[in-house]
Each structure stands twice: as C-alpha cells, then as structure tokens.
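Since the structure comes first, as structure tokens, the remarks are kept for the end.
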Amino acid sequence: MTAIDNLRSDYDATPYVSNSFPQSAPGTLAAVAHLFGLQPPDVGHARVLEIGCAAGGNIVPFAAAHPHAEVVGIDLSEVQIEAGRARVQALGIENLRLIAGDIAAMDVAALGAFDYVIAHGVYSWVPDDVAEALLATMRAGLTADGVGYLSYNVYPGWKAKEVVRDAMMLAAGASQVPEDKVRHARGMADFLSEVAPAGGVLAAIMAEWQAADEGFGDSYLLHDELETFNTPRYFYEVLARANAHGLAYLGEARPEVMIPANHGPKVAEYLAANGVTAQVLVEQYLDFVTNRTFRQSLFVPAERAPQIDYSPTAERLRRLHVAALVPPIDGPVRLDDSRQEFRQADGATLFTNAPAIKAALDVLTERWPWTLSHDELVVATRQRLLDAGTQPSPDLPAHIDDLTRVLVMQGQAHYRLDPVRPETAGTAFRIDESSRRAAELTGGFDDAATFNRWHETVPLEPLDRQLLPLLDGSRDEAQLIEALLAAGAGTGEVVTEWVRTLGQRLAELKLG
Ligand SMILES: C[S@@+](CC[C@H](N)C(=O)[O-])C[C@H]1O[C@@H](n2cnc3c(N)ncnc32)[C@H](O)[C@@H]1O
C-alpha cells in the first residue's frame, strides 16, 4: 500500500468528527481581506472549495446559509464523502458537491476557479508531495481577488508536543487496530505524567498535554496526534513554500493575534526597540513569545501583495457589520460621566467614562448575537443618549470608529461585510430550517449538534435534542411543552422551565 492508501484507510476506518470552524468561514476571510485593504469577492455568490473536507461539516453551514453560492468539497476518504453526501441530502442542501479523490492526483482545474479555497487541518497531516500539491491547487484554483485559508502545525510550540507524540507512537508500535493504538498511546501519556520529576521539563510538557487531552476524542487523537504524517514547520518556512507557489501571506484568520500590543506592552516595546517591524518577522517573534502550536493563515495570489495594508482605515472599519457582547459588570449602564467596567468576550474588562461609548456597548450587547452596521450603531447610540437626556456630540461617528477599532483589533467582536441574522430572527419558536434539520438529523446520537449563522458547531443538550427539531414555527409554547411531555422528555416542571427559557438559550447558542 502507498502512503496515500494508508491515509485513506485510516480515515475510512476512523472518520474524523466533521465540525465547522468559524475562523475558516468565507465571511471571515472576506472581512479580514477587506480590513487589510483588499476587495474580496462577494460571499453570497462565491464559488468555494474545501480541500480535505471530511464529511463536509465545515462547508454545510456555509452552503445552507448562502443558497446562491456554489460549494465544492474534496476528500480522500470515500467513507467520509459518502457520509457527507447523505447529510447534505437529508438537510436539503442543493449547492454543495462532495467529491472523493486525492488532491495530488486530481484535475482540480476542471472544477473551475474559486473565490475562497479552504484547507483546515490538512497541510501538516499529509506527505510532503501532497502538502506541495495543496499549495499548488490553492494558487491555481483561486480567482484574482480570491482568498485561501490554510491551517497548520507550527514550531516552536510543537517541539514540546513532539516529545509526547514520539513517546505515544513508540507505545502504539505497529498496532493496526485504532482502539489498541489509542489505548497504548494514552497509557504512555499517563505513565509519563505519573513518573515525570516534579518541576522538570517533562512534567510541564505532560501537564500541558493532559490539559489539552481532556477535550480530545479518539478520532482527534488518532488523526491529529498519532497520524503517520504530522509535520510541524516554522511560520517562515510555510511562507517560503507558499511564496514559491505564487501565494502571498495576507494575515491570520484571527487578526488580533498578529498585533504585538495584544500580547502585552513588554512585547510591543521590545519589538519596536529592536526594529522588528516587518509583519512577517513580527509574527515569527510572536510565535516564540506565545510558544505557538497552530496557525490559521490567509493567502492571496502574489499579485495582490502590494495592496495589502495592515493598518485598517476608519473607512474600512465603517464597512463592517459588528456584533459584540460587552455587558456592564456592575448593574445597568449609567449614561453619565461615571467610570463603568464592561466584560469582554475573553473575560477581560474594558472601562470608560464616556456616555457615548457606554451607550454604544449597551446597544451592541442588546443586539447580540446579531450585527449592526456602523450607521445603525450610530443612530441607535444617538437615540439612546437622547432618551437619557444627554445631547450626543457631533463626533459620535468618530467615537464609534474608535470603539469598533478596539473591539475588532482586540478580537472582542464578531464581524462581517454583510449583516448576520438568521432568516427567522425575531420569530418565536422557529429557527432556520437547515439548523432545525441538522438538530433533527443528529438528535439521536451522543454527539448531537447543529450549526448557526456564525458558522459555529452548536452541541446540543439532551432536552434540546428533542426540542430544536420541533421549532418549525407550527407550535406555540403550550404545544411544545405538550410534545416534549408526550415524548417522555422530563417532568412537567422541568419541561415547562426548559421551554420558558428557550429564547434566552437560543440567543446564547446564536440560533435565534
Ligand atoms: C485531520 S483531517 C481534517 C478534516 C477537516 N478538514 C477538519 O478539520 O475537520 C484531514 C483530512 O484530509 C483528508 N486528506 C488527506 N490527504 C488527502 C488528499 N491527498 N486529498 C484529499 N484529501 C485528503 C483526509 O481524508 C481527512 O479527512
């Protein structure tokens, strides 16, 4: 068997859990490209290709939410592609085509050009010639304004992780049975954790590994940690390879990680004092600072490189539709000059004395998880100030610009170039049909989940596995309770409370 045959049979035997990754959503790629000065293609009518799509879990939410887009997924594993096709059919999605094949041996050009090409979790886990073919396909497949997404394992963080991988591979030996491989590997990791001398390097490595392992399922362990191919590279090495294929680095899917100040004032000061200003070099330094293990980088055709500008202008920020959950930590918002603290997405706090900023944060939080345009935010903030008897300053739009810049560049907001709202927003007891059907389809399984308009996978609690499939708008609160009781979902008290708090839960899950 060739290396590719081995890989195929690994994924056929133990399919990968196929989830969605919001950082790779075309809407994310378009917003980041726009922030950095490019003119990305319209996402709603885009042609999108995902390479190594497994069972399509990452492109299904996109295809469902963008019926005028045309989506293609390719994967080596026929078993995964078949599972994906069944899912696509059950969800009634018509603009997504799944193809089984080896990216290095296919005529991808025959599929036409794509506005967005995504390869998540593939590049580091394939033989070198396939990794090269992946970059070549990305370059050849992208339209002139297209954007590619590539995620990959990086050094220096993987230096330490490789110690654990090597030890686990040793213990798993030649075992061909996936369950045995996992058992031996976990046994080795537990053994090393137990005997590692306290305070030593191994103890630190194992503590970090064990903390991460709590979230690893067997399929993740087998494919991400124990896969025959797992080749981390330094960031600059990947860039050199991409450049050789005519691809230019645009930025990270989460731009906040690119900014030295977001890693602490000392980091920013050191880089400035030592003349480290070129973006790529700055980021290579940051990889050392953060002991980075994984990157999610965006690439564009090399001809676009001269247009990339890493300082988003106010004009660019104003084009964004922004959502943010930034509630005050000490009671209702006070629209006076008193200092007030607000909790951000990462748990850190932001404080301000400015009534306009407080009002804007209140408006955003009330609207969460859906977006507001710059103009909508200005109008709603102005109204909130007037209602509180405060005359808004003529500089209000500029203050909103400053706030948007902080929220976006610190990674505290969700943002897109188009508004994000489900079709059913504001409709009681109804969620988007594709999300409802996904809940229905997976409801009977342990890993029941659906997806939302932010391209997120939403795991479902046991009661929601029964409730969400019922949310087609045909039932009122009493009928939902009755249906759950008839299905034996719980006691009257539990079921009633669950349905009563549905609205709040749907907002938390970003489903309604
Ligand atoms: C680690 S999984 C990641 C799956 C998915 N992108 C995700 O992140 O959930 C790697 C995927 O790449 C696929 N793959 C590996 N080699 C490939 C090749 N030569 N051509 C196409 N797909 C390939 C595998 O079948 C597998 O589904």
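Each chain in the structure tokens gets a letter, A, B and so on, in the order shown; residues start at 1 in every chain, and ligands are counted from 1 in the order they appear.
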
* Show me which residues sit within 8 Å of ligand 1 when counting only C-alpha atoms and all ligand atoms, and put them as a ChimeraX atom specification. => /A:4,7-8,11-12,15-21,50-58,74-77,80,100-105,119-122,125-126,130,220,223-224

Put those residues in a file: N, CA and C atoms, as a tab-separated table (two decimals), in the first residue's frame.
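And here is the file that came out, part.tsv:
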chain	number	residue	atom	x	y	z
A	4	ILE	N	-0.54	7.15	0.55
A	4	ILE	CA	-1.90	7.70	0.36
A	4	ILE	C	-2.96	6.64	0.64
A	7	LEU	N	-3.28	6.42	4.33
A	7	LEU	CA	-4.02	7.55	4.89
A	7	LEU	C	-5.52	7.37	4.65
A	8	ARG	N	-5.85	6.99	3.41
A	8	ARG	CA	-7.26	6.80	3.07
A	8	ARG	C	-7.90	5.76	4.00
A	11	TYR	N	-8.58	7.08	7.52
A	11	TYR	CA	-9.78	7.94	7.66
A	11	TYR	C	-11.06	7.17	7.36
A	12	ASP	N	-10.96	6.15	6.49
A	12	ASP	CA	-12.15	5.32	6.24
A	12	ASP	C	-12.50	4.53	7.51
A	15	PRO	N	-13.48	7.70	10.82
A	15	PRO	CA	-13.77	9.02	10.25
A	15	PRO	C	-13.54	10.14	11.26
A	16	TYR	N	-13.12	11.27	10.72
A	16	TYR	CA	-12.86	12.44	11.55
A	16	TYR	C	-14.20	13.06	11.96
A	17	VAL	N	-14.27	13.58	13.18
A	17	VAL	CA	-15.50	14.27	13.58
A	17	VAL	C	-15.56	15.56	12.76
A	18	SER	N	-16.58	15.67	11.94
A	18	SER	CA	-16.59	16.76	10.95
A	18	SER	C	-17.38	17.96	11.45
A	19	ASN	N	-16.67	18.93	11.99
A	19	ASN	CA	-17.30	20.12	12.56
A	19	ASN	C	-17.07	21.35	11.70
A	20	SER	N	-17.68	22.46	12.12
A	20	SER	CA	-17.43	23.72	11.42
A	20	SER	C	-16.42	24.56	12.19
A	21	PHE	N	-15.70	25.40	11.45
A	21	PHE	CA	-14.66	26.24	12.05
A	21	PHE	C	-14.91	27.68	11.61
A	50	GLU	N	-13.44	23.46	-0.54
A	50	GLU	CA	-12.72	23.00	0.66
A	50	GLU	C	-11.96	21.72	0.31
A	51	ILE	N	-10.67	21.73	0.63
A	51	ILE	CA	-9.82	20.57	0.38
A	51	ILE	C	-9.66	19.81	1.70
A	52	GLY	N	-9.90	18.51	1.69
A	52	GLY	CA	-9.83	17.73	2.93
A	52	GLY	C	-11.02	18.06	3.80
A	53	CYS	N	-12.21	17.99	3.20
A	53	CYS	CA	-13.43	18.48	3.87
A	53	CYS	C	-14.05	17.43	4.79
A	54	ALA	N	-13.45	16.23	4.88
A	54	ALA	CA	-14.04	15.12	5.65
A	54	ALA	C	-15.50	14.94	5.22
A	55	ALA	N	-16.44	14.93	6.17
A	55	ALA	CA	-17.84	14.71	5.79
A	55	ALA	C	-18.58	16.03	5.55
A	56	GLY	N	-17.82	17.10	5.28
A	56	GLY	CA	-18.45	18.36	4.89
A	56	GLY	C	-18.95	19.23	6.03
A	57	GLY	N	-18.62	18.85	7.27
A	57	GLY	CA	-19.13	19.59	8.42
A	57	GLY	C	-18.78	21.07	8.42
A	58	ASN	N	-17.69	21.44	7.73
A	58	ASN	CA	-17.28	22.84	7.72
A	58	ASN	C	-17.92	23.65	6.59
A	74	ILE	N	-13.67	18.38	-1.38
A	74	ILE	CA	-12.92	17.22	-1.85
A	74	ILE	C	-12.30	16.53	-0.64
A	75	ASP	N	-12.37	15.21	-0.60
A	75	ASP	CA	-11.66	14.48	0.45
A	75	ASP	C	-11.23	13.12	-0.09
A	76	LEU	N	-10.10	12.67	0.46
A	76	LEU	CA	-9.52	11.39	0.07
A	76	LEU	C	-10.40	10.21	0.46
A	77	SER	N	-11.09	10.34	1.58
A	77	SER	CA	-11.81	9.20	2.15
A	77	SER	C	-13.22	9.07	1.59
A	80	GLN	N	-15.97	9.02	4.28
A	80	GLN	CA	-16.36	10.33	4.80
A	80	GLN	C	-17.21	11.09	3.78
A	100	ALA	N	-14.92	12.53	-3.92
A	100	ALA	CA	-13.86	11.72	-3.31
A	100	ALA	C	-12.65	11.69	-4.23
A	101	GLY	N	-11.47	12.00	-3.70
A	101	GLY	CA	-10.28	11.96	-4.54
A	101	GLY	C	-9.04	12.45	-3.81
A	102	ASP	N	-7.90	12.16	-4.42
A	102	ASP	CA	-6.60	12.59	-3.88
A	102	ASP	C	-6.24	13.92	-4.54
A	103	ILE	N	-6.09	14.94	-3.75
A	103	ILE	CA	-5.86	16.28	-4.27
A	103	ILE	C	-4.61	16.33	-5.17
A	104	ALA	N	-3.66	15.44	-4.88
A	104	ALA	CA	-2.41	15.46	-5.66
A	104	ALA	C	-2.57	14.74	-7.00
A	105	ALA	N	-3.67	14.02	-7.17
A	105	ALA	CA	-3.80	13.24	-8.40
A	105	ALA	C	-5.04	13.63	-9.20
A	119	ALA	N	-8.46	24.98	3.44
A	119	ALA	CA	-7.85	23.68	3.78
A	119	ALA	C	-7.54	23.72	5.28
A	120	HIS	N	-8.44	23.17	6.07
A	120	HIS	CA	-8.27	23.22	7.53
A	120	HIS	C	-7.80	21.85	8.02
A	121	GLY	N	-6.69	21.85	8.73
A	121	GLY	CA	-6.22	20.60	9.32
A	121	GLY	C	-5.75	19.58	8.31
A	122	VAL	N	-5.20	20.00	7.19
A	122	VAL	CA	-4.75	19.06	6.17
A	122	VAL	C	-3.24	19.17	5.94
A	125	TRP	N	-0.69	17.22	7.87
A	125	TRP	CA	-1.01	15.81	8.11
A	125	TRP	C	-0.96	14.96	6.84
A	126	VAL	N	-0.22	15.44	5.86
A	126	VAL	CA	-0.11	14.69	4.59
A	126	VAL	C	1.37	14.61	4.21
A	130	VAL	N	2.02	15.89	-1.14
A	130	VAL	CA	0.61	16.30	-1.09
A	130	VAL	C	0.52	17.73	-0.52
A	220	TYR	N	-9.77	12.40	17.16
A	220	TYR	CA	-8.82	13.52	17.16
A	220	TYR	C	-7.43	13.02	17.52
A	223	HIS	N	-5.93	10.97	14.57
A	223	HIS	CA	-5.57	11.69	13.35
A	223	HIS	C	-4.67	12.89	13.59
A	224	ASP	N	-4.91	13.63	14.65
A	224	ASP	CA	-4.11	14.85	14.84
A	224	ASP	C	-2.78	14.56	15.53

* To do: Please run DSSP on the backbone and report, as number ranges by chain, all residues within region 265-333 of chain A that come out as strand (DSSP E).
  => A: 294-301, 321-323

For Pro332 (chain A), find every residue with an atom within 12 Å (counting only C-alpha atoms), except residues of its own chain fewer than 6 positions away, and show them as an mmCIF file with all heavy atoms, in the first residue's frame.
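Final output, saved to result_5.cif:
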data_model
loop_
_atom_site.group_PDB
_atom_site.id
_atom_site.type_symbol
_atom_site.label_atom_id
_atom_site.label_comp_id
_atom_site.auth_asym_id
_atom_site.auth_seq_id
_atom_site.Cartn_x
_atom_site.Cartn_y
_atom_site.Cartn_z
ATOM 1 N N GLN A 340 -17.293 53.161 34.344
ATOM 2 C CA GLN A 340 -18.005 51.888 34.396
ATOM 3 C C GLN A 340 -17.201 50.813 33.664
ATOM 4 O O GLN A 340 -16.549 51.097 32.656
ATOM 5 C CB GLN A 340 -19.400 52.044 33.772
ATOM 6 C CG GLN A 340 -20.360 50.988 34.245
ATOM 7 C CD GLN A 340 -21.821 51.304 33.943
ATOM 8 O OE1 GLN A 340 -22.141 52.239 33.223
ATOM 9 N NE2 GLN A 340 -22.715 50.503 34.500
ATOM 10 N N GLU A 341 -17.254 49.599 34.207
ATOM 11 C CA GLU A 341 -16.492 48.498 33.589
ATOM 12 C C GLU A 341 -17.420 47.566 32.838
ATOM 13 O O GLU A 341 -18.538 47.299 33.284
ATOM 14 C CB GLU A 341 -15.767 47.715 34.678
ATOM 15 C CG GLU A 341 -14.448 48.348 35.074
ATOM 16 C CD GLU A 341 -13.656 47.428 35.992
ATOM 17 O OE1 GLU A 341 -13.035 46.485 35.477
ATOM 18 O OE2 GLU A 341 -13.706 47.672 37.209
ATOM 19 N N PHE A 342 -16.899 47.034 31.733
ATOM 20 C CA PHE A 342 -17.682 46.126 30.877
ATOM 21 C C PHE A 342 -16.877 44.856 30.659
ATOM 22 O O PHE A 342 -15.657 44.905 30.484
ATOM 23 C CB PHE A 342 -17.970 46.807 29.525
ATOM 24 C CG PHE A 342 -18.854 48.010 29.653
ATOM 25 C CD1 PHE A 342 -18.332 49.235 30.075
ATOM 26 C CD2 PHE A 342 -20.208 47.929 29.384
ATOM 27 C CE1 PHE A 342 -19.145 50.351 30.221
ATOM 28 C CE2 PHE A 342 -21.031 49.041 29.525
ATOM 29 C CZ PHE A 342 -20.504 50.249 29.940
ATOM 30 N N LYS A 358 -20.482 54.041 26.393
ATOM 31 C CA LYS A 358 -21.314 53.162 27.223
ATOM 32 C C LYS A 358 -22.619 52.845 26.499
ATOM 33 O O LYS A 358 -23.081 51.702 26.486
ATOM 34 C CB LYS A 358 -21.619 53.834 28.560
ATOM 35 C CG LYS A 358 -20.383 53.992 29.439
ATOM 36 C CD LYS A 358 -20.806 54.307 30.847
ATOM 37 C CE LYS A 358 -20.282 55.616 31.334
ATOM 38 N NZ LYS A 358 -20.762 55.964 32.667
ATOM 39 N N ALA A 359 -23.202 53.888 25.885
ATOM 40 C CA ALA A 359 -24.476 53.669 25.171
ATOM 41 C C ALA A 359 -24.258 52.711 24.000
ATOM 42 O O ALA A 359 -25.073 51.812 23.759
ATOM 43 C CB ALA A 359 -25.021 55.010 24.677
ATOM 44 N N LEU A 361 -21.975 50.368 23.681
ATOM 45 C CA LEU A 361 -21.760 48.996 24.175
ATOM 46 C C LEU A 361 -23.098 48.363 24.567
ATOM 47 O O LEU A 361 -23.340 47.172 24.346
ATOM 48 C CB LEU A 361 -20.801 49.004 25.375
ATOM 49 C CG LEU A 361 -19.348 49.370 25.044
ATOM 50 C CD1 LEU A 361 -18.528 49.508 26.331
ATOM 51 C CD2 LEU A 361 -18.702 48.323 24.127
ATOM 52 N N ASP A 362 -23.965 49.203 25.134
ATOM 53 C CA ASP A 362 -25.288 48.723 25.538
ATOM 54 C C ASP A 362 -26.101 48.301 24.309
ATOM 55 O O ASP A 362 -26.755 47.250 24.306
ATOM 56 C CB ASP A 362 -25.997 49.863 26.285
ATOM 57 C CG ASP A 362 -27.072 49.343 27.214
ATOM 58 O OD1 ASP A 362 -26.961 48.180 27.657
ATOM 59 O OD2 ASP A 362 -28.026 50.094 27.487
ATOM 60 N N THR A 365 -24.685 45.054 22.912
ATOM 61 C CA THR A 365 -24.985 43.908 23.774
ATOM 62 C C THR A 365 -26.447 43.496 23.638
ATOM 63 O O THR A 365 -26.770 42.309 23.618
ATOM 64 C CB THR A 365 -24.624 44.259 25.236
ATOM 65 O OG1 THR A 365 -23.217 44.503 25.273
ATOM 66 C CG2 THR A 365 -24.967 43.133 26.202
ATOM 67 N N GLU A 366 -27.308 44.510 23.506
ATOM 68 C CA GLU A 366 -28.732 44.208 23.349
ATOM 69 C C GLU A 366 -28.982 43.477 22.024
ATOM 70 O O GLU A 366 -29.839 42.610 21.927
ATOM 71 C CB GLU A 366 -29.503 45.518 23.378
ATOM 72 C CG GLU A 366 -30.970 45.356 23.643
ATOM 73 C CD GLU A 366 -31.606 46.722 23.763
ATOM 74 O OE1 GLU A 366 -31.481 47.331 24.837
ATOM 75 O OE2 GLU A 366 -32.200 47.196 22.768
#

* Could you give me, as a list in words, the residues within 10 Å of region 181-191 of chain A, counting only C-alpha atoms and dropping anything in the same chain fewer than 6 positions from it? =>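 With the cut-off at 10 Å, the set is Val164, Arg165, Asp166, Ala167, Met168, Met169, Leu170, Ala171, Ala172, Gly173, Ala174, Ser175, Met206, Trp209, Gln210, Asp213, Gly217, Asp218, Ser219, Leu221, Leu222, Glu225 and Leu226 of chain A.
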
* To do: Measure the distance from CA of Pro397 (chain A) to CA of Asp418 (chain A) in Å and round it to one decimal.
  => 19.7 Å

Determine, counting only C-alpha atoms, which protein, DNA and RNA residues have an atom within 12 Å of an atom of Ala253 (chain A); residues of the same chain fewer than 2 positions away are not included. Present the result as a short mmCIF file (atom, residue, chain, number, x, y, z; two decimals) with C-alpha atoms, in the first residue's frame.
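Saved the output as around_27.cif:
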data_model
loop_
_atom_site.label_atom_id
_atom_site.label_comp_id
_atom_site.auth_asym_id
_atom_site.auth_seq_id
_atom_site.Cartn_x
_atom_site.Cartn_y
_atom_site.Cartn_z
CA PHE A 21 -14.66 26.24 12.05
CA PRO A 22 -15.90 29.84 12.10
CA GLN A 23 -12.38 31.14 11.55
CA SER A 24 -12.37 29.47 8.11
CA ALA A 25 -15.83 30.70 7.02
CA PRO A 26 -15.70 32.62 3.72
CA GLY A 27 -17.38 35.54 5.51
CA THR A 28 -14.44 35.67 7.93
CA LEU A 29 -11.89 35.51 5.11
CA ALA A 30 -13.67 38.30 3.23
CA ALA A 31 -13.83 40.55 6.30
CA VAL A 32 -10.11 40.09 7.07
CA ALA A 33 -9.13 40.68 3.44
CA LEU A 35 -9.65 45.03 6.75
CA PHE A 36 -6.21 44.66 5.19
CA ILE A 118 -10.18 26.38 2.46
CA HIS A 120 -8.27 23.22 7.53
CA VAL A 147 -8.60 34.28 -0.61
CA GLY A 148 -7.17 30.97 0.61
CA TYR A 149 -7.20 29.64 4.18
CA LEU A 150 -4.56 27.20 5.35
CA SER A 151 -4.17 25.90 8.88
CA TYR A 249 0.64 35.91 3.11
CA LEU A 250 -2.33 38.13 3.92
CA GLY A 251 -2.75 37.63 7.65
CA PRO A 255 -6.09 39.21 13.12
CA GLU A 256 -5.88 40.04 16.82
CA VAL A 257 -3.07 37.51 17.22
CA MET A 258 -0.94 39.47 14.71
CA PHE A 294 -1.05 26.15 15.31
CA ARG A 295 -1.71 28.78 12.68
CA GLN A 296 -4.70 29.65 10.55
CA SER A 297 -3.27 31.80 7.79
CA LEU A 298 -4.84 33.51 4.83
CA PHE A 299 -3.11 33.65 1.45
CA GLY A 411 -10.68 40.21 18.90
CA TYR A 415 -17.69 40.98 12.23
#

* Work out how far apart CA of Asp145 (chain A) and CA of Gln39 (chain A) are and give it in Å to one decimal. =>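 According to the coordinates, CA of Asp145 (chain A) and CA of Gln39 (chain A) are separated by 6.7 Å.
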
Give me, as a short mmCIF file (atom, residue, chain, number, x, y, z; two decimals) with N, CA, C and O atoms, in the first residue's frame, all polymer residues having an atom no more than 8 Å from Ile400 (chain A), counting only C-alpha atoms and skipping those fewer than 5 positions away in the same chain.
data_model
loop_
_atom_site.label_atom_id
_atom_site.label_comp_id
_atom_site.auth_asym_id
_atom_site.auth_seq_id
_atom_site.Cartn_x
_atom_site.Cartn_y
_atom_site.Cartn_z
N ILE A 357 -19.76 55.93 24.53
CA ILE A 357 -19.19 54.57 24.41
C ILE A 357 -20.05 53.59 25.21
O ILE A 357 -20.35 52.48 24.77
N ALA A 360 -23.14 52.87 23.28
CA ALA A 360 -22.88 52.00 22.11
C ALA A 360 -22.68 50.55 22.55
O ALA A 360 -23.17 49.62 21.91
N HIS A 374 -22.25 50.28 10.87
CA HIS A 374 -21.75 51.50 11.52
C HIS A 374 -22.90 52.49 11.68
O HIS A 374 -23.11 53.04 12.77
N LEU A 377 -25.43 51.54 14.27
CA LEU A 377 -24.91 51.70 15.64
C LEU A 377 -24.90 53.17 16.04
O LEU A 377 -25.25 53.53 17.18
N VAL A 378 -24.53 54.04 15.10
CA VAL A 378 -24.52 55.48 15.40
C VAL A 378 -25.95 55.95 15.71
O VAL A 378 -26.19 56.62 16.72
#

* Could you pull out the alpha helix (DSSP H) residues of region 276-409 of chain A from DSSP and send them as an MDAnalysis selection string? -> chainID A and resid 279:290 314:318 355:367 374:387 396:409

* Got a sec: who's within 10 Å of Thr349 (chain A), counting only C-alpha atoms, leaving out chain neighbours fewer than 3 positions off, as a VMD selection string? -> chain A and resid 326 to 329 340 to 346

* **Atom pair CA of Ala356 (chain A) / CA of Val322 (chain A): separation (Å)** =>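 Atom-to-atom, CA of Ala356 (chain A) to CA of Val322 (chain A), that is 16.9 Å.
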